[in-house]
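Have a look at the structure below before the remarks.
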There are 2 protein chains.
Amino acid sequence: MNSSASTKERILTAAELLFAQRGFDGASLRQLTAAAGVNLAAVNYHFGSKDKLVEEVFRRRLDTLNTHRLAALSKVAGQPQTTLEDVLDAFIRPALALSSDGSGSLFMRVLARAFAEHDDTLRQFLSENYGHVMRQFTAEFARLLPKLSREELYWRIDLVTGALTHAMSGFGMIQRKSDVSESAHREQTIAHLVRFAAAGLSHP
Amino acid sequence: MNSSASTKERILTAAELLFAQRGFDGASLRQLTAAAGVNLAAVNYHFGSKDKLVEEVFRRRLDTLNTHRLAALSKVAGQPQTTLEDVLDAFIRPALALSSDGSGSLFMRVLARAFAEHDDTLRQFLSENYGHVMRQFTAEFARLLPKLSREELYWRIDLVTGALTHAMSGFGMIQRKSDVSESAHREQTIAHLVRFAAAGLSHP
DNA sequence: CGTATGCTCAAACGATCGTTTGATTCCCTG
DNA sequence: CAGGGAATCAAACGATCGTTTGAGCATACG
């Protein structure tokens with residue numbers, strides 16, 4: 001059972017699932033605490049409020065996602081032989097690894113929901129915890145695509161972001177066939193996304 | 001004032017705005033009817049329920065959007081000199097025209113929200129009213145991209161859909177500069193999206 | 001004129017929401 | 001073993017939700 005995990009972590013795990021399924025408003029604390037097997041008051045006791053819980057759900061996943069993305073980027077950034085595909089791989093692979101992780105597989109969908117909702121508080125929180133990562137990647141894209149104007153580059157990055165968010169949240173993700181291993185399927189998916197994004201970013 | 005319009009239309013217009021701003025659950029009937037300047041009970045009287053109102057908001061815009069898209073597609077579909085860009089233009093231009101329309105400018109954002117929410121009822125409704133349009137466009141893409149496998153084509157169309165939904169819902173839409181007319185700006189935007197989508201669809 | 005019909009209105013309904021409370025249980029420490 | 005802070009619990013709080021009700025109003029028709 002989950003009863004071995006701490007109350008806080010049981011709440012976070014159940015929250016991630018329910019937020020992905022029903023949205024932040026749609027998932028009530030009563031459904032959530034029932035699914036986690038904890039008392040209703042436990043959320044306010046451990047997190048203070050429902051909004052703080054939402055932030056914690058994001059923080060737990062974004063911290064590791066950002067760390068892995070920046071680590072991968074640092075290996076290729078600024079180097080003369082680095083290609084556009086290398087940078088895109090550094091951006092996409094950690095997200096897909098998270099998506100394939102059993103307990104974190106729903107987080108990308110939560111993230112897609114957060115993008116669709118224009119809640120200012122949440123957007124500011126995401127900007128604070130996410131902004132510097134996007135800025136570093138943007139700087140590297142700018143280095144590799146020197147012919148693009150600043151405006152053109154922003155346009156294309158925005159479109160690529162939309163495509164990747166959409167895909168990684170699992171809307172139309174092509175189902176893995178039974179004769180393909182999961183790691184092979186992931187490599188295929190990464191290759192798909194990287195090539196698509198590279199084409200969209202670098203077309204003449 | 002809006003008082004000249006009928007109660008039903010005032011409700012639909014106010015609903016479109018509030019659904020775009022706060023989501024379907026987030027916008028209450030009390031906020032909605034107050035913004036429309038009608039009585040609270042008017043929604044249930046004219047539409048039956050809040051869910052039926054949501055469907056009507058979609059139906060009103062999707063009917064014209066689908067009509068325009070199919071009309072534009074029929075002018076180029078199957079013809080030997082048709083290019084990928086022509087088909088993409090037929091898909092994108094009507095949506096952007098809707099986006100630029102004063103009263104319909106928020107609908108694409110409502111649509112993006114609907115995509116992010118995995119509500120089965122709403123998805124079934126969208127599939128029934130939207131499915132045949134996507135099928136016709138997919139068939140034309142398949143004709144113009146004969147080298148792509150079925151799976152590969154679905155992958156790329158899904159990614160393009162994500163990018164366009166993201167862009168047309170106005171997340172990162174580059175703001176029009178004051179020295180550019182709105183129609184010129186729209187043409188620029190269409191050109192951007194068409195070229196990006198064409199690159200993503202047809203890359204080797 | 002009387003009345004039927006379509007619409008609007010204020011008010012209330014039961015349900016559910018996030019949050020708070022105060023008592024109770026648990027567990028560690030002195 | 002006794003004491004005390006942390007954690008959990010059932011219960012209730014006020015607020016807000018979608019929906020329903022029944023009276024009141026308007027306009028059109030005989």
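Labels for the structure tokens follow display order: chains A, B, ..., residues from 1 in each chain, ligands from 1.
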
Dump as a PyMOL selection string the residues of chain A that approach chain C to within 12 Å, counting only C-alpha atoms (C1' of nucleotides). chain A and resi 25-31+40-45+48-51

Non-local contacts of range 154-169 of chain A (8 Å; only C-alpha atoms (C1' of nucleotides); under 3 positions in same chain excluded) as a ChimeraX atom specification: /A:95-96,99,106-112,138,150-151,172-173,193,197,200-201 /B:158-167,172-174,196

Output C-alpha atoms of each residue in that selection to a file, as a tab-separated table (two decimals), in the first residue's frame.
```tsv
chain	number	residue	atom	x	y	z
A	95	ALA	CA	10.64	15.86	-20.18
A	96	LEU	CA	9.99	12.58	-21.90
A	99	SER	CA	6.66	11.35	-18.88
A	106	LEU	CA	0.91	12.63	-15.52
A	107	PHE	CA	2.86	15.75	-14.74
A	108	MET	CA	3.22	16.90	-18.32
A	109	ARG	CA	-0.54	16.83	-18.60
A	110	VAL	CA	-0.81	18.94	-15.48
A	111	LEU	CA	1.65	21.32	-17.06
A	112	ALA	CA	-0.40	21.49	-20.26
A	138	THR	CA	16.64	30.64	-26.16
A	150	ARG	CA	14.70	38.23	-32.51
A	151	GLU	CA	11.00	38.39	-33.32
A	172	GLY	CA	-2.17	12.17	-29.57
A	173	MET	CA	0.83	10.20	-28.49
A	193	LEU	CA	9.91	15.51	-31.73
A	197	ALA	CA	11.12	20.96	-33.88
A	200	GLY	CA	10.11	24.22	-37.61
A	201	LEU	CA	12.91	26.26	-36.07
B	158	ASP	CA	-0.83	16.14	-34.25
B	159	LEU	CA	2.26	18.24	-33.61
B	160	VAL	CA	1.10	20.90	-36.05
B	161	THR	CA	-2.30	20.95	-34.38
B	162	GLY	CA	-0.65	21.54	-31.05
B	163	ALA	CA	1.45	24.37	-32.38
B	164	LEU	CA	-1.46	26.08	-34.10
B	165	THR	CA	-3.85	25.69	-31.19
B	166	HIS	CA	-1.20	27.15	-28.93
B	167	ALA	CA	-0.50	30.06	-31.24
B	172	GLY	CA	2.53	34.17	-27.38
B	173	MET	CA	1.02	35.96	-30.29
B	174	ILE	CA	3.38	38.73	-31.24
B	196	PHE	CA	6.12	26.70	-39.89
```

Calculate how many Å separate CA of Thr7 in chain A from C1' of DT8 in chain D, rounding to one decimal.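 So the answer is 10.3 Å.
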
Just the helix (DSSP H, G or I) stuff from range 49-141 of chain A, please, per backbone DSSP, written as a compact mmCIF listing (two decimals) with C-alpha atoms, in the first residue's frame.
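The resulting result_8.txt:
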```txt
# COMPACT_ATOMS: atom_id res chain seq x y z
CA LYS A 50 -5.08 24.21 -1.75
CA ASP A 51 -3.18 26.82 -3.77
CA LYS A 52 0.02 26.04 -1.89
CA LEU A 53 -0.53 22.37 -2.64
CA VAL A 54 -0.78 23.17 -6.34
CA GLU A 55 2.52 25.02 -6.12
CA GLU A 56 4.16 22.10 -4.38
CA VAL A 57 2.97 19.69 -7.05
CA PHE A 58 4.70 21.86 -9.62
CA ARG A 59 7.80 22.47 -7.58
CA ARG A 60 8.47 18.81 -6.94
CA ARG A 61 8.57 17.94 -10.66
CA LEU A 62 9.92 21.18 -12.08
CA ASP A 63 12.95 21.12 -9.81
CA THR A 64 14.20 17.83 -11.21
CA LEU A 65 13.06 18.62 -14.76
CA ASN A 66 14.93 21.91 -14.74
CA THR A 67 18.02 20.37 -13.25
CA HIS A 68 18.16 17.65 -15.89
CA ARG A 69 17.47 20.07 -18.72
CA LEU A 70 20.17 22.48 -17.65
CA ALA A 71 22.65 19.67 -17.08
CA ALA A 72 22.05 18.36 -20.57
CA LEU A 73 22.23 21.84 -22.04
CA SER A 74 25.51 22.64 -20.33
CA LEU A 84 20.28 22.34 -33.26
CA GLU A 85 19.24 18.75 -32.69
CA ASP A 86 21.61 18.47 -29.73
CA VAL A 87 20.00 21.42 -27.97
CA LEU A 88 16.49 20.18 -28.71
CA ASP A 89 17.43 16.79 -27.36
CA ALA A 90 18.60 18.41 -24.15
CA PHE A 91 15.24 20.12 -23.88
CA ILE A 92 12.98 17.23 -24.85
CA ARG A 93 14.66 14.14 -23.41
CA PRO A 94 14.32 15.05 -19.72
CA ALA A 95 10.64 15.86 -20.18
CA LEU A 96 9.99 12.58 -21.90
CA ALA A 97 11.93 10.70 -19.28
CA LEU A 98 9.63 12.27 -16.72
CA SER A 99 6.66 11.35 -18.88
CA SER A 100 7.76 7.74 -18.99
CA PHE A 107 2.86 15.75 -14.74
CA MET A 108 3.22 16.90 -18.32
CA ARG A 109 -0.54 16.83 -18.60
CA VAL A 110 -0.81 18.94 -15.48
CA LEU A 111 1.65 21.32 -17.06
CA ALA A 112 -0.40 21.49 -20.26
CA ARG A 113 -3.45 22.35 -18.20
CA ALA A 114 -1.57 25.10 -16.45
CA PHE A 115 -0.64 26.55 -19.82
CA ALA A 116 -4.24 26.52 -20.96
CA ASP A 120 -1.90 34.94 -13.28
CA THR A 121 -0.67 33.65 -9.94
CA LEU A 122 0.27 30.30 -11.43
CA ARG A 123 1.87 31.88 -14.48
CA GLN A 124 4.00 34.11 -12.32
CA PHE A 125 5.08 31.12 -10.26
CA LEU A 126 5.97 29.20 -13.40
CA SER A 127 7.85 32.16 -14.80
CA GLU A 128 9.92 32.45 -11.64
CA ASN A 129 10.81 28.77 -11.58
CA TYR A 130 10.92 28.15 -15.28
CA GLY A 131 11.96 31.43 -16.86
CA HIS A 132 15.71 31.16 -16.52
CA VAL A 133 15.69 27.75 -18.17
CA MET A 134 13.81 28.99 -21.20
CA ARG A 135 16.14 31.97 -21.37
CA GLN A 136 19.24 29.80 -21.50
CA PHE A 137 17.78 27.59 -24.20
CA THR A 138 16.64 30.64 -26.16
CA ALA A 139 20.14 32.07 -26.01
CA GLU A 140 21.56 28.86 -27.43
CA PHE A 141 18.93 28.74 -30.16
```

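Closest approach to chain D among A:Leu144, A:Ala14, A:Val38, A:Ala77 is made by A:Val38 (distances from only C-alpha atoms (C1' of nucleotides)).
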
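CA of His118 in chain A is found 18.3 Å from CA of Gln21 in chain A.
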
For a quick test of understanding: name the residues of chain D lying within 9 Å of chain B when counting only C-alpha atoms (C1' of nucleotides), and present them as a short mmCIF file (atom, residue, chain, number, x, y, z; two decimals) with C-alpha atoms (C1' of nucleotides), in the first residue's frame.
```
data_model
loop_
_atom_site.label_atom_id
_atom_site.label_comp_id
_atom_site.auth_asym_id
_atom_site.auth_seq_id
_atom_site.Cartn_x
_atom_site.Cartn_y
_atom_site.Cartn_z
"C1'" DC D 17 -22.34 26.59 -6.79
"C1'" DG D 18 -26.26 24.96 -10.49
"C1'" DT D 19 -30.93 24.52 -10.48
"C1'" DT D 20 -35.93 25.11 -9.39
#
```

Using only C-alpha atoms, which residue out of A:Leu145, A:Ala34, A:Ala184, A:Leu153 lies closest to chain B?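 The answer is A:Leu153, which sits nearest to chain B.
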
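Atom pair CA of Arg195 in chain B / CA of Lys177 in chain B: separated by 21.3 Å.
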
Hey, which of A:His203, A:Arg10, A:Lys147, A:Arg186 ends up closest to chain B? Count only C-alpha atoms.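 Once distances to chain B are computed over only C-alpha atoms, the minimum belongs to A:His203.
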